[in-house]
Amino acid sequence: MEELKITKESDARGSFCPGPLMEMIRLVRSANVGDVVAVISGDEGSKKDIPAWINKARYELIGMEDVASGGTRIICRKNH
Amino acid sequence: MSEKLSIVLFSGTVDKLMAASIIASGAAAMQKEVTIFATFYGLFALRKGDWKQNRRVSKDFEDYGAQFLQVLEAKKAPNWLETLQSAMDIGNVKVKACGLTMDLLSIKLEDLEPIVSEIVGVAHFIEEASDGQIIFL
C-alpha cells in the first residue's frame, strides 16, 4: 500500500466506539471524490464497523493494516 | 424509503443514555432514520444542563455503578450528549419530547437541551415508528 496516496488521515486511537467510525464518516464527507482517506483506530470493533459502513455507503475499502505503534489503519476511497 | 429505528428513551440513567446514544449513532451511520422519543426519566435527563451532574446508574446494575462511572471518567469517554450530537451531525436523528412528561414537569421546549426538536404525543410516535424497529430503554 506504499504507493497509495492518502489525502487525509486521522488518528482516532484513544477514541471509543463509535468514535473512530464517526471520524471516518467526517473524513469521507469532507474529502473530494477520488480522495483516499484513512483512520487509525485502537478499537477492535472498528475492524468490522468501519468496513460495514463503507460497504453500506458504497465507498471502496482499500484495505486495513496493523500499525506498528498499535491499532489498525483503515483506508477508504471516496469513489463517488 | 430508508429503514427506521425508534428508541423509547424512558430511563434517565447514564448507562441507558449511553446505550441509546451509541445505538442511535450506529443506526445513523448505517443510514437509518432514527427517532428518539424521550419520555419520563429520559426527558428529565434532557433538561438543559442536567447532564453535567447526572451520575445516576440503573438500579439493576448499581453494583457496577461506581466502577462504571469511574472508568468513564478515567478513560475520558465522551458523554452521552456529545455522542448523540455527533450522531445528529452524521445522519438522520431526531429527538422528540413526550408531551405528557412536559406537562407533568411544567416545562417548555426551551427548557430542554437544544437537540430536542419538538414535543409530540404518543400516537404521533407510534405512527412515525410504524414499519420500523422499536427499542425501549
# chains A, B, ... in the order shown; residues from 1 in each chain; ligands from 1
>>> interface_residues(of="chain A", to="chain B", cutoff="10 Å", atoms="only C-alpha atoms", output="list in words")
Gly14, Ser15, Phe16, Cys17, Pro18, Gly19, Leu21, Met22, Glu23, Ile25, Arg26, Arg29, Asp49, Ile50, Ala52, Trp53, Ile54, Asn55, Lys56 and Ala57 of chain A
>>> write_last_selection(atoms="C-alpha atoms", output="short mmCIF file (atom, residue, chain, number, x, y, z; two decimals), in the first residue's frame")
data_model
loop_
_atom_site.label_atom_id
_atom_site.label_comp_id
_atom_site.auth_asym_id
_atom_site.auth_seq_id
_atom_site.Cartn_x
_atom_site.Cartn_y
_atom_site.Cartn_z
CA GLY A 14 -7.98 6.59 22.32
CA SER A 15 -11.45 7.24 20.94
CA PHE A 16 -14.19 4.77 21.85
CA CYS A 17 -16.85 3.14 19.71
CA PRO A 18 -18.45 4.70 17.72
CA GLY A 19 -15.84 7.49 17.71
CA LEU A 21 -16.40 5.37 12.72
CA MET A 22 -17.71 8.90 13.22
CA GLU A 23 -14.23 10.15 12.37
CA ILE A 25 -17.59 9.47 8.18
CA ARG A 26 -16.42 13.05 8.79
CA ARG A 29 -17.67 13.77 3.88
CA ASP A 49 -17.66 -1.49 11.99
CA ILE A 50 -15.90 0.80 9.56
CA ALA A 52 -19.64 -2.28 7.29
CA TRP A 53 -20.25 1.45 6.93
CA ILE A 54 -18.02 1.75 3.84
CA ASN A 55 -19.99 -1.07 2.25
CA LYS A 56 -23.35 0.45 3.20
CA ALA A 57 -22.35 3.86 1.87
#
>>> select_by_dssp(residues="chain A", states="alpha helix (DSSP H)", output="VMD selection string")
chain A and resid 19 to 30 46 to 56
>>> atom_distance(atom1="atom CA of B:Val34", atom2="atom CA of B:Ile7")
7.7 Å
>>> atom_distance(atom1="atom CA of A:Asp66", atom2="atom CA of A:Ile40")
9.1 Å
>>> select_by_dssp(residues="chain B", states="strand (DSSP E)", output="ChimeraX atom specification")
/B:4-9,33-38,93-98,116-120,133-136
>>> residues_around(residues="stretch 49-53 of chain B", least_positions_apart="2", cutoff="10 Å", atoms="only C-alpha atoms", output="PyMOL selection string")
chain B and resi 12-14+17+44-47+55-56+79-81+111-113
>>> residues_around(residues="B:Val93", least_positions_apart="5", cutoff="8 Å", atoms="only C-alpha atoms", output="ChimeraX atom specification")
/B:24,28,33-36,87-88
>>> residues_around(residues="A:His80", least_positions_apart="3", cutoff="12 Å", atoms="only C-alpha atoms", output="CSV table (one decimal) with N, CA and C atoms, in the first residue's frame")
chain,number,residue,atom,x,y,z
A,28,VAL,N,-14.6,11.3,5.2
A,28,VAL,CA,-15.1,11.0,3.8
A,28,VAL,C,-15.9,12.1,3.4
A,29,ARG,N,-16.8,12.6,4.3
A,29,ARG,CA,-17.7,13.8,3.9
A,29,ARG,C,-16.9,15.0,3.4
A,31,ALA,N,-13.9,15.0,2.2
A,31,ALA,CA,-13.0,14.7,1.1
A,31,ALA,C,-13.6,15.0,-0.3
A,32,ASN,N,-12.8,15.1,-1.3
A,32,ASN,CA,-13.3,15.2,-2.7
A,32,ASN,C,-13.4,13.8,-3.3
A,33,VAL,N,-14.3,13.7,-4.2
A,33,VAL,CA,-14.4,12.4,-4.9
A,33,VAL,C,-13.1,12.0,-5.5
A,34,GLY,N,-12.7,10.8,-5.3
A,34,GLY,CA,-11.4,10.3,-5.7
A,34,GLY,C,-10.4,10.2,-4.6
A,35,ASP,N,-10.6,11.0,-3.6
A,35,ASP,CA,-9.6,11.0,-2.5
A,35,ASP,C,-9.6,9.7,-1.7
A,36,VAL,N,-8.4,9.4,-1.1
A,36,VAL,CA,-8.2,8.3,-0.3
A,36,VAL,C,-8.0,8.8,1.1
A,54,ILE,N,-18.5,1.5,5.2
A,54,ILE,CA,-18.0,1.8,3.8
A,54,ILE,C,-18.9,1.0,2.8
A,57,ALA,N,-22.4,2.6,2.6
A,57,ALA,CA,-22.3,3.9,1.9
A,57,ALA,C,-21.8,3.7,0.4
A,58,ARG,N,-21.5,2.5,0.1
A,58,ARG,CA,-21.0,2.1,-1.3
A,58,ARG,C,-19.7,2.9,-1.6
A,59,TYR,N,-18.8,3.0,-0.6
A,59,TYR,CA,-17.5,3.5,-0.9
A,59,TYR,C,-16.6,2.3,-1.1
A,60,GLU,N,-15.3,2.6,-1.3
A,60,GLU,CA,-14.4,1.4,-1.5
A,60,GLU,C,-13.4,1.3,-0.4
A,76,CYS,N,-9.9,4.1,3.0
A,76,CYS,CA,-11.1,4.1,2.2
A,76,CYS,C,-11.0,5.1,1.0
A,77,ARG,N,-11.5,4.7,-0.1
A,77,ARG,CA,-11.6,5.7,-1.2
A,77,ARG,C,-13.0,6.2,-1.4
>>> atom_distance(atom1="atom CA of B:Ala74", atom2="atom CA of A:Ala12")
17.6 Å
>>> residues_around(residues="A:Ile75", least_positions_apart="2", cutoff="6 Å", atoms="only C-alpha atoms", output="VMD selection string")
chain A and resid 37 to 38 62 to 63
>>> closest_residue(among="B:Ala129, B:Leu69, B:Ala27, B:Met102", to="B:Asn54", atoms="only C-alpha atoms")
B:Leu69
